[in-house]
$ cat query26.pdb   # PDB, C-alpha atoms, pLDDT in the B column
ATOM      1  CA  MET A   1     -77.972-164.184-181.583  1.00 48.00           C
ATOM      2  CA  ALA A   2     -74.448-163.884-180.284  1.00 60.00           C
ATOM      3  CA  LEU A   3     -74.625-160.099-180.434  1.00 64.00           C
ATOM      4  CA  ILE A   4     -77.356-159.756-177.796  1.00 66.00           C
ATOM      5  CA  PRO A   5     -75.714-158.874-174.474  1.00 64.00           C
ATOM      6  CA  ARG A   6     -76.003-161.611-171.874  1.00 68.00           C
ATOM      7  CA  ASP A   7     -75.999-159.087-169.023  1.00 67.00           C
ATOM      8  CA  ASP A   8     -79.618-158.180-168.279  1.00 77.00           C
ATOM      9  CA  ALA A   9     -78.536-156.161-165.232  1.00 85.00           C
ATOM     10  CA  ARG A  10     -77.749-153.260-167.598  1.00 91.00           C
ATOM     11  CA  PRO A  11     -79.950-151.747-170.308  1.00 95.00           C
ATOM     12  CA  TRP A  12     -79.256-152.804-173.884  1.00 94.00           C
ATOM     13  CA  LEU A  13     -80.744-152.380-177.317  1.00 94.00           C
ATOM     14  CA  LEU A  14     -80.258-154.054-180.662  1.00 94.00           C
ATOM     15  CA  VAL A  15     -80.453-151.984-183.878  1.00 93.00           C
ATOM     16  CA  ASN A  16     -80.351-152.936-187.557  1.00 91.00           C
ATOM     17  CA  HIS A  17     -78.223-151.342-190.309  1.00 86.00           C
ATOM     18  CA  GLN A  18     -80.913-148.704-190.923  1.00 87.00           C
ATOM     19  CA  GLY A  19     -81.000-147.638-187.271  1.00 89.00           C
ATOM     20  CA  GLU A  20     -84.308-149.359-186.530  1.00 95.00           C
ATOM     21  CA  VAL A  21     -84.681-150.861-183.069  1.00 97.00           C
ATOM     22  CA  LEU A  22     -84.949-154.654-183.148  1.00 95.00           C
ATOM     23  CA  ALA A  23     -85.021-155.366-179.400  1.00 94.00           C
ATOM     24  CA  ILE A  24     -84.585-153.842-175.960  1.00 95.00           C
ATOM     25  CA  ASN A  25     -84.441-155.524-172.591  1.00 95.00           C
ATOM     26  CA  ASP A  26     -86.621-154.936-169.516  1.00 94.00           C
ATOM     27  CA  ARG A  27     -83.829-152.988-167.834  1.00 94.00           C
ATOM     28  CA  PHE A  28     -83.850-150.474-170.733  1.00 96.00           C
ATOM     29  CA  THR A  29     -87.551-149.893-170.075  1.00 96.00           C
ATOM     30  CA  LEU A  30     -86.971-149.552-166.324  1.00 95.00           C
ATOM     31  CA  VAL A  31     -84.141-147.013-166.679  1.00 95.00           C
ATOM     32  CA  TYR A  32     -85.170-144.972-169.725  1.00 96.00           C
ATOM     33  CA  GLY A  33     -88.948-145.466-169.716  1.00 96.00           C
ATOM     34  CA  TRP A  34     -89.245-146.628-173.331  1.00 97.00           C
ATOM     35  CA  THR A  35     -91.200-149.825-173.986  1.00 97.00           C
ATOM     36  CA  GLU A  36     -90.867-152.246-176.863  1.00 95.00           C
ATOM     37  CA  ALA A  37     -94.155-150.873-178.219  1.00 96.00           C
ATOM     38  CA  ASP A  38     -92.558-147.384-178.266  1.00 97.00           C
ATOM     39  CA  LEU A  39     -89.338-148.363-180.019  1.00 97.00           C
ATOM     40  CA  LEU A  40     -89.576-151.618-181.972  1.00 96.00           C
ATOM     41  CA  ASP A  41     -89.257-150.994-185.708  1.00 95.00           C
ATOM     42  CA  GLN A  42     -88.769-147.264-184.991  1.00 95.00           C
ATOM     43  CA  HIS A  43     -85.584-145.375-185.789  1.00 91.00           C
ATOM     44  CA  MET A  44     -83.314-145.099-182.770  1.00 91.00           C
ATOM     45  CA  GLU A  45     -83.140-141.300-183.193  1.00 90.00           C
ATOM     46  CA  ARG A  46     -86.006-141.155-180.684  1.00 93.00           C
ATOM     47  CA  ILE A  47     -83.444-141.788-177.941  1.00 93.00           C
ATOM     48  CA  LEU A  48     -80.793-139.392-179.303  1.00 89.00           C
ATOM     49  CA  PRO A  49     -80.487-135.724-178.292  1.00 87.00           C
ATOM     50  CA  ASP A  50     -81.590-133.453-181.169  1.00 84.00           C
ATOM     51  CA  SER A  51     -78.159-131.877-181.444  1.00 79.00           C
ATOM     52  CA  PHE A  52     -76.465-135.279-181.790  1.00 69.00           C
ATOM     53  CA  ARG A  53     -78.689-136.704-184.554  1.00 74.00           C
ATOM     54  CA  ASP A  54     -76.859-135.239-187.561  1.00 69.00           C
ATOM     55  CA  SER A  55     -73.446-136.465-186.454  1.00 75.00           C
ATOM     56  CA  HIS A  56     -74.932-139.861-185.591  1.00 72.00           C
ATOM     57  CA  HIS A  57     -76.501-140.184-189.048  1.00 72.00           C
ATOM     58  CA  ALA A  58     -73.226-139.148-190.695  1.00 75.00           C
ATOM     59  CA  GLY A  59     -71.191-141.674-188.695  1.00 72.00           C
ATOM     60  CA  PHE A  60     -73.709-144.426-189.356  1.00 71.00           C
ATOM     61  CA  ALA A  61     -73.677-143.722-193.097  1.00 72.00           C
ATOM     62  CA  ARG A  62     -69.881-143.527-193.195  1.00 75.00           C
ATOM     63  CA  PHE A  63     -69.587-146.882-191.416  1.00 73.00           C
ATOM     64  CA  ARG A  64     -71.962-148.507-193.895  1.00 73.00           C
ATOM     65  CA  LEU A  65     -69.790-147.237-196.756  1.00 75.00           C
ATOM     66  CA  ASP A  66     -66.292-148.012-195.518  1.00 76.00           C
ATOM     67  CA  GLY A  67     -66.733-150.284-192.469  1.00 73.00           C
ATOM     68  CA  ILE A  68     -64.504-148.032-190.360  1.00 74.00           C
ATOM     69  CA  SER A  69     -65.850-146.942-186.990  1.00 76.00           C
ATOM     70  CA  ARG A  70     -64.639-144.562-184.322  1.00 75.00           C
ATOM     71  CA  VAL A  71     -67.231-145.696-181.782  1.00 77.00           C
ATOM     72  CA  LEU A  72     -67.276-149.493-181.747  1.00 86.00           C
ATOM     73  CA  ASP A  73     -65.792-151.647-179.011  1.00 82.00           C
ATOM     74  CA  HIS A  74     -64.790-148.975-176.530  1.00 88.00           C
ATOM     75  CA  PRO A  75     -66.765-147.012-173.903  1.00 92.00           C
ATOM     76  CA  LEU A  76     -68.408-143.706-174.835  1.00 88.00           C
ATOM     77  CA  VAL A  77     -70.161-141.295-172.482  1.00 92.00           C
ATOM     78  CA  LEU A  78     -73.302-140.071-174.226  1.00 89.00           C
ATOM     79  CA  GLN A  79     -76.741-138.737-173.412  1.00 92.00           C
ATOM     80  CA  THR A  80     -79.795-140.956-173.858  1.00 93.00           C
ATOM     81  CA  ILE A  81     -83.218-139.342-174.110  1.00 94.00           C
ATOM     82  CA  CYS A  82     -85.811-140.902-171.836  1.00 96.00           C
ATOM     83  CA  ARG A  83     -89.454-141.331-172.724  1.00 96.00           C
ATOM     84  CA  ASP A  84     -90.320-138.384-170.448  1.00 96.00           C
ATOM     85  CA  GLY A  85     -87.971-136.104-172.424  1.00 94.00           C
ATOM     86  CA  THR A  86     -85.207-135.909-169.827  1.00 94.00           C
ATOM     87  CA  ALA A  87     -81.711-137.156-170.589  1.00 93.00           C
ATOM     88  CA  ILE A  88     -79.458-139.551-168.729  1.00 94.00           C
ATOM     89  CA  ARG A  89     -75.676-139.595-169.129  1.00 94.00           C
ATOM     90  CA  SER A  90     -74.685-143.173-169.764  1.00 93.00           C
ATOM     91  CA  GLU A  91     -71.623-145.101-170.739  1.00 94.00           C
ATOM     92  CA  HIS A  92     -72.362-146.845-174.036  1.00 92.00           C
ATOM     93  CA  PHE A  93     -70.474-149.871-175.276  1.00 92.00           C
ATOM     94  CA  ILE A  94     -71.419-150.554-178.894  1.00 88.00           C
ATOM     95  CA  THR A  95     -70.597-153.679-180.868  1.00 90.00           C
ATOM     96  CA  ALA A  96     -71.424-154.714-184.419  1.00 89.00           C
ATOM     97  CA  GLU A  97     -71.877-158.010-186.193  1.00 90.00           C
ATOM     98  CA  ARG A  98     -72.037-158.624-189.922  1.00 87.00           C
ATOM     99  CA  ARG A  99     -75.274-160.384-190.935  1.00 83.00           C
ATOM    100  CA  ASP A 100     -75.538-161.392-194.568  1.00 84.00           C
ATOM    101  CA  ASP A 101     -74.957-158.167-196.524  1.00 82.00           C
ATOM    102  CA  ASP A 102     -75.403-155.707-193.658  1.00 83.00           C
ATOM    103  CA  TRP A 103     -74.752-154.986-189.994  1.00 86.00           C
ATOM    104  CA  VAL A 104     -76.558-155.356-186.685  1.00 91.00           C
ATOM    105  CA  PHE A 105     -75.487-153.229-183.706  1.00 91.00           C
ATOM    106  CA  ALA A 106     -75.863-153.820-179.972  1.00 92.00           C
ATOM    107  CA  ALA A 107     -75.363-151.176-177.313  1.00 92.00           C
ATOM    108  CA  THR A 108     -75.062-151.868-173.609  1.00 93.00           C
ATOM    109  CA  LEU A 109     -75.718-148.733-171.564  1.00 93.00           C
ATOM    110  CA  THR A 110     -74.547-148.070-168.032  1.00 93.00           C
ATOM    111  CA  PRO A 111     -76.289-145.050-166.472  1.00 94.00           C
ATOM    112  CA  LEU A 112     -73.796-142.890-164.641  1.00 92.00           C
ATOM    113  CA  GLU A 113     -74.425-141.927-161.042  1.00 72.00           C
ATOM    114  CA  GLY A 114     -76.249-138.638-160.685  1.00 62.00           C
ATOM    115  CA  ALA A 115     -76.815-138.557-164.427  1.00 52.00           C
ATOM    116  CA  HIS A 116     -80.592-137.987-164.624  1.00 54.00           C
ATOM    117  CA  ALA A 117     -82.668-134.835-164.537  1.00 41.00           C
ATOM    118  CA  THR A 118     -81.166-132.923-167.421  1.00 43.00           C
ATOM    119  CA  SER A 119     -83.206-131.606-170.292  1.00 42.00           C
ATOM    120  CA  GLY A 120     -82.690-133.168-173.709  1.00 41.00           C
ATOM    121  CA  ALA A 121     -80.459-130.251-174.717  1.00 40.00           C
ATOM    122  CA  GLY A 122     -76.743-130.446-175.374  1.00 42.00           C
ATOM    123  CA  ASN A 123     -74.665-132.221-177.938  1.00 39.00           C
ATOM    124  CA  GLY A 124     -75.153-135.727-176.528  1.00 42.00           C
ATOM    125  CA  THR A 125     -71.541-136.174-175.490  1.00 41.00           C
ATOM    126  CA  ASP A 126     -69.160-134.881-172.855  1.00 40.00           C
ATOM    127  CA  LEU A 127     -67.437-132.852-175.546  1.00 34.00           C
ATOM    128  CA  PRO A 128     -68.028-129.096-175.750  1.00 32.00           C
ATOM    129  CA  PRO A 129     -70.513-128.050-178.455  1.00 32.00           C
TER     130      PRO A 129
END
$ encode --input "query26.pdb" --output "structure tokens"
Amino acid sequence: MALIPRDDARPWLLVNHQGEVLAINDRFTLVYGWTEADLLDQHMERILPDSFRDSHHAGFARFRLDGISRVLDHPLVLQTICRDGTAIRSEHFITAERRDDDWVFAATLTPLEGAHATSGAGNGTDLPP
């Protein structure tokens, strides 16, 4: 799969057009605590802050309808929920690839220095609520 990041030094995950996790790498488990058993075939909302889920679902649905994205192919600073319920600010770089009649998405995450130890609260971005 050309979409899978080749850089295993940073966490990454692969998600299908319905938001279900297809794969994660070992670095994702090391940084965020989630294992493949926790996430495979589960909706990726498990790693999203509660307050960010609605806007994520809306953007995902809009992209599936019109193919226009505001988040692909440029860095975004977002929160990622860890298995222990804390959140880590990370730079996300999200790409998409058309597969047959739908899309597959890959996100490479770069944890930001001093970014751990927050609760899962907030809007998931560096933007004010």
$ residues_around --input "query26.pdb" --residues "stretch 22-29 of chain A" --least-positions-apart "5" --cutoff "9 Å" --atoms "all atoms listed in the file" --output "PyMOL selection string"
chain A and resi 4+8-16+34-36+39-42+109
$ atom_distance --input "query26.pdb" --atom1 "atom CA of A:Asp66" --atom2 "atom CA of A:Ser90"
27.5 Å
$ resolve_selection --input "query26.pdb" --expression "the PyMOL selection byres ((chain A and resi 97-107) around 12)" --output "ChimeraX atom specification"
/A:1-7,10-25,28,44,60-61,63-65,67,69,71-76,78,80,90-96,108-110
$ atom_distance --input "query26.pdb" --atom1 "atom CA of A:Val77" --atom2 "atom CA of A:Pro111"
9.4 Å
$ closest_residue --input "query26.pdb" --among "A:Arg46, A:Arg89, A:Arg70, A:Arg62" --to "A:Glu113" --atoms "all atoms listed in the file"
A:Arg89
$ closest_residue --input "query26.pdb" --among "A:His56, A:Gln79, A:Asp84, A:Leu30" --to "A:His43" --atoms "all atoms listed in the file"
A:His56
$ resolve_selection --input "query26.pdb" --expression "the PyMOL selection byres ((chain A and resi 82) around 7)" --output "number ranges by chain"
A: 32-34, 47, 80-81, 83-87
$ write_last_selection --input "query26.pdb" --atoms "C-alpha atoms" --output "mmCIF file, in the coordinates of the input"
data_model
loop_
_atom_site.group_PDB
_atom_site.id
_atom_site.type_symbol
_atom_site.label_atom_id
_atom_site.label_comp_id
_atom_site.auth_asym_id
_atom_site.auth_seq_id
_atom_site.Cartn_x
_atom_site.Cartn_y
_atom_site.Cartn_z
ATOM 1 C CA TYR A 32 -85.170 -144.972 -169.725
ATOM 2 C CA GLY A 33 -88.948 -145.466 -169.716
ATOM 3 C CA TRP A 34 -89.245 -146.628 -173.331
ATOM 4 C CA ILE A 47 -83.444 -141.788 -177.941
ATOM 5 C CA THR A 80 -79.795 -140.956 -173.858
ATOM 6 C CA ILE A 81 -83.218 -139.342 -174.110
ATOM 7 C CA ARG A 83 -89.454 -141.331 -172.724
ATOM 8 C CA ASP A 84 -90.320 -138.384 -170.448
ATOM 9 C CA GLY A 85 -87.971 -136.104 -172.424
ATOM 10 C CA THR A 86 -85.207 -135.909 -169.827
ATOM 11 C CA ALA A 87 -81.711 -137.156 -170.589
#
$ axis_aligned_box --input "query26.pdb" --around "stretch 31-43 of chain A" --padding-each-side "3 Å" --output "JSON"
{"center_x": -89.1, "center_y": -148.6, "center_z": -176.2, "size_x": 16.0, "size_y": 13.3, "size_z": 25.1}
$ decode --input "query26.pdb" --residues "stretch 88-119 of chain A" --atoms "N, CA, C and O atoms" --output "PDB file, in the first residue's frame"
ATOM      1  N   ILE A  88      -2.711  14.086  24.097  1.00  0.00           N
ATOM      2  CA  ILE A  88      -1.409  14.579  23.657  1.00  0.00           C
ATOM      3  C   ILE A  88      -1.629  15.475  22.441  1.00  0.00           C
ATOM      4  O   ILE A  88      -2.291  15.081  21.482  1.00  0.00           O
ATOM      5  N   ARG A  89      -1.074  16.696  22.505  1.00  0.00           N
ATOM      6  CA  ARG A  89      -1.076  17.571  21.333  1.00  0.00           C
ATOM      7  C   ARG A  89      -0.076  17.018  20.337  1.00  0.00           C
ATOM      8  O   ARG A  89       1.062  16.738  20.681  1.00  0.00           O
ATOM      9  N   SER A  90      -0.534  16.854  19.119  1.00  0.00           N
ATOM     10  CA  SER A  90       0.313  16.279  18.079  1.00  0.00           C
ATOM     11  C   SER A  90       0.077  17.005  16.765  1.00  0.00           C
ATOM     12  O   SER A  90      -1.018  17.493  16.510  1.00  0.00           O
ATOM     13  N   GLU A  91       1.116  17.056  15.972  1.00  0.00           N
ATOM     14  CA  GLU A  91       0.957  17.542  14.610  1.00  0.00           C
ATOM     15  C   GLU A  91       0.538  16.355  13.754  1.00  0.00           C
ATOM     16  O   GLU A  91       1.202  15.317  13.752  1.00  0.00           O
ATOM     17  N   HIS A  92      -0.589  16.500  13.081  1.00  0.00           N
ATOM     18  CA  HIS A  92      -1.126  15.446  12.216  1.00  0.00           C
ATOM     19  C   HIS A  92      -0.898  15.852  10.759  1.00  0.00           C
ATOM     20  O   HIS A  92      -1.143  17.000  10.389  1.00  0.00           O
ATOM     21  N   PHE A  93      -0.463  14.902   9.969  1.00  0.00           N
ATOM     22  CA  PHE A  93      -0.369  15.097   8.533  1.00  0.00           C
ATOM     23  C   PHE A  93      -1.189  13.979   7.903  1.00  0.00           C
ATOM     24  O   PHE A  93      -0.839  12.796   8.012  1.00  0.00           O
ATOM     25  N   ILE A  94      -2.304  14.342   7.288  1.00  0.00           N
ATOM     26  CA  ILE A  94      -3.283  13.375   6.803  1.00  0.00           C
ATOM     27  C   ILE A  94      -3.280  13.361   5.276  1.00  0.00           C
ATOM     28  O   ILE A  94      -3.314  14.416   4.646  1.00  0.00           O
ATOM     29  N   THR A  95      -3.226  12.158   4.725  1.00  0.00           N
ATOM     30  CA  THR A  95      -3.288  11.987   3.280  1.00  0.00           C
ATOM     31  C   THR A  95      -4.437  11.032   2.949  1.00  0.00           C
ATOM     32  O   THR A  95      -4.915  10.311   3.824  1.00  0.00           O
ATOM     33  N   ALA A  96      -4.866  11.052   1.717  1.00  0.00           N
ATOM     34  CA  ALA A  96      -5.952  10.175   1.283  1.00  0.00           C
ATOM     35  C   ALA A  96      -5.604   9.563  -0.063  1.00  0.00           C
ATOM     36  O   ALA A  96      -4.884  10.158  -0.869  1.00  0.00           O
ATOM     37  N   GLU A  97      -6.124   8.375  -0.274  1.00  0.00           N
ATOM     38  CA  GLU A  97      -5.921   7.684  -1.547  1.00  0.00           C
ATOM     39  C   GLU A  97      -7.232   7.030  -1.950  1.00  0.00           C
ATOM     40  O   GLU A  97      -7.884   6.374  -1.143  1.00  0.00           O
ATOM     41  N   ARG A  98      -7.606   7.229  -3.188  1.00  0.00           N
ATOM     42  CA  ARG A  98      -8.829   6.623  -3.722  1.00  0.00           C
ATOM     43  C   ARG A  98      -8.577   5.135  -3.938  1.00  0.00           C
ATOM     44  O   ARG A  98      -7.572   4.766  -4.551  1.00  0.00           O
ATOM     45  N   ARG A  99      -9.461   4.297  -3.407  1.00  0.00           N
ATOM     46  CA  ARG A  99      -9.385   2.845  -3.606  1.00  0.00           C
ATOM     47  C   ARG A  99     -10.739   2.377  -4.105  1.00  0.00           C
ATOM     48  O   ARG A  99     -11.729   2.456  -3.377  1.00  0.00           O
ATOM     49  N   ASP A 100     -10.780   1.914  -5.315  1.00  0.00           N
ATOM     50  CA  ASP A 100     -12.035   1.493  -5.938  1.00  0.00           C
ATOM     51  C   ASP A 100     -13.040   2.639  -5.857  1.00  0.00           C
ATOM     52  O   ASP A 100     -12.797   3.699  -6.383  1.00  0.00           O
ATOM     53  N   ASP A 101     -14.146   2.434  -5.155  1.00  0.00           N
ATOM     54  CA  ASP A 101     -15.190   3.459  -5.079  1.00  0.00           C
ATOM     55  C   ASP A 101     -15.123   4.319  -3.826  1.00  0.00           C
ATOM     56  O   ASP A 101     -16.025   5.114  -3.584  1.00  0.00           O
ATOM     57  N   ASP A 102     -14.101   4.144  -3.000  1.00  0.00           N
ATOM     58  CA  ASP A 102     -14.032   4.922  -1.765  1.00  0.00           C
ATOM     59  C   ASP A 102     -12.612   5.355  -1.452  1.00  0.00           C
ATOM     60  O   ASP A 102     -11.731   5.233  -2.283  1.00  0.00           O
ATOM     61  N   TRP A 103     -12.411   5.832  -0.231  1.00  0.00           N
ATOM     62  CA  TRP A 103     -11.148   6.434   0.176  1.00  0.00           C
ATOM     63  C   TRP A 103     -10.551   5.687   1.353  1.00  0.00           C
ATOM     64  O   TRP A 103     -11.254   5.136   2.192  1.00  0.00           O
ATOM     65  N   VAL A 104      -9.210   5.734   1.421  1.00  0.00           N
ATOM     66  CA  VAL A 104      -8.454   5.279   2.575  1.00  0.00           C
ATOM     67  C   VAL A 104      -7.598   6.462   3.004  1.00  0.00           C
ATOM     68  O   VAL A 104      -7.073   7.200   2.168  1.00  0.00           O
ATOM     69  N   PHE A 105      -7.486   6.660   4.326  1.00  0.00           N
ATOM     70  CA  PHE A 105      -6.774   7.809   4.881  1.00  0.00           C
ATOM     71  C   PHE A 105      -5.624   7.328   5.750  1.00  0.00           C
ATOM     72  O   PHE A 105      -5.760   6.346   6.485  1.00  0.00           O
ATOM     73  N   ALA A 106      -4.499   8.033   5.680  1.00  0.00           N
ATOM     74  CA  ALA A 106      -3.362   7.761   6.551  1.00  0.00           C
ATOM     75  C   ALA A 106      -3.021   9.050   7.287  1.00  0.00           C
ATOM     76  O   ALA A 106      -3.040  10.130   6.699  1.00  0.00           O
ATOM     77  N   ALA A 107      -2.733   8.910   8.562  1.00  0.00           N
ATOM     78  CA  ALA A 107      -2.308  10.065   9.360  1.00  0.00           C
ATOM     79  C   ALA A 107      -0.997   9.729  10.042  1.00  0.00           C
ATOM     80  O   ALA A 107      -0.880   8.698  10.711  1.00  0.00           O
ATOM     81  N   THR A 108      -0.013  10.591   9.843  1.00  0.00           N
ATOM     82  CA  THR A 108       1.246  10.508  10.573  1.00  0.00           C
ATOM     83  C   THR A 108       1.170  11.562  11.664  1.00  0.00           C
ATOM     84  O   THR A 108       0.824  12.713  11.394  1.00  0.00           O
ATOM     85  N   LEU A 109       1.462  11.157  12.897  1.00  0.00           N
ATOM     86  CA  LEU A 109       1.335  12.048  14.045  1.00  0.00           C
ATOM     87  C   LEU A 109       2.709  12.309  14.648  1.00  0.00           C
ATOM     88  O   LEU A 109       3.490  11.375  14.822  1.00  0.00           O
ATOM     89  N   THR A 110       2.979  13.559  14.934  1.00  0.00           N
ATOM     90  CA  THR A 110       4.224  13.929  15.593  1.00  0.00           C
ATOM     91  C   THR A 110       3.860  14.571  16.932  1.00  0.00           C
ATOM     92  O   THR A 110       3.349  15.699  16.957  1.00  0.00           O
ATOM     93  N   PRO A 111       4.071  13.847  18.038  1.00  0.00           N
ATOM     94  CA  PRO A 111       3.769  14.444  19.351  1.00  0.00           C
ATOM     95  C   PRO A 111       4.612  15.698  19.550  1.00  0.00           C
ATOM     96  O   PRO A 111       5.787  15.726  19.195  1.00  0.00           O
ATOM     97  N   LEU A 112       3.994  16.721  20.090  1.00  0.00           N
ATOM     98  CA  LEU A 112       4.698  17.970  20.321  1.00  0.00           C
ATOM     99  C   LEU A 112       5.305  17.968  21.709  1.00  0.00           C
ATOM    100  O   LEU A 112       4.718  17.444  22.654  1.00  0.00           O
ATOM    101  N   GLU A 113       6.464  18.546  21.835  1.00  0.00           N
ATOM    102  CA  GLU A 113       7.187  18.563  23.101  1.00  0.00           C
ATOM    103  C   GLU A 113       6.335  19.159  24.217  1.00  0.00           C
ATOM    104  O   GLU A 113       5.675  20.187  24.029  1.00  0.00           O
ATOM    105  N   GLY A 114       6.324  18.490  25.339  1.00  0.00           N
ATOM    106  CA  GLY A 114       5.559  18.971  26.485  1.00  0.00           C
ATOM    107  C   GLY A 114       4.063  18.882  26.275  1.00  0.00           C
ATOM    108  O   GLY A 114       3.294  19.586  26.911  1.00  0.00           O
ATOM    109  N   ALA A 115       3.628  17.983  25.385  1.00  0.00           N
ATOM    110  CA  ALA A 115       2.229  17.966  24.993  1.00  0.00           C
ATOM    111  C   ALA A 115       1.356  16.996  25.775  1.00  0.00           C
ATOM    112  O   ALA A 115       0.168  16.970  25.593  1.00  0.00           O
ATOM    113  N   HIS A 116       1.920  16.193  26.658  1.00  0.00           N
ATOM    114  CA  HIS A 116       1.130  15.178  27.370  1.00  0.00           C
ATOM    115  C   HIS A 116       0.524  15.772  28.645  1.00  0.00           C
ATOM    116  O   HIS A 116       0.662  16.939  28.937  1.00  0.00           O
ATOM    117  N   ALA A 117      -0.194  14.957  29.330  1.00  0.00           N
ATOM    118  CA  ALA A 117      -0.705  15.263  30.669  1.00  0.00           C
ATOM    119  C   ALA A 117      -1.840  16.266  30.688  1.00  0.00           C
ATOM    120  O   ALA A 117      -2.000  16.996  31.641  1.00  0.00           O
ATOM    121  N   THR A 118      -2.626  16.314  29.625  1.00  0.00           N
ATOM    122  CA  THR A 118      -3.848  17.099  29.679  1.00  0.00           C
ATOM    123  C   THR A 118      -5.003  16.125  29.778  1.00  0.00           C
ATOM    124  O   THR A 118      -4.878  14.963  29.409  1.00  0.00           O
ATOM    125  N   SER A 119      -6.114  16.582  30.264  1.00  0.00           N
ATOM    126  CA  SER A 119      -7.297  15.720  30.263  1.00  0.00           C
ATOM    127  C   SER A 119      -7.816  15.669  28.835  1.00  0.00           C
ATOM    128  O   SER A 119      -7.369  16.411  27.979  1.00  0.00           O
TER     129      SER A 119
END
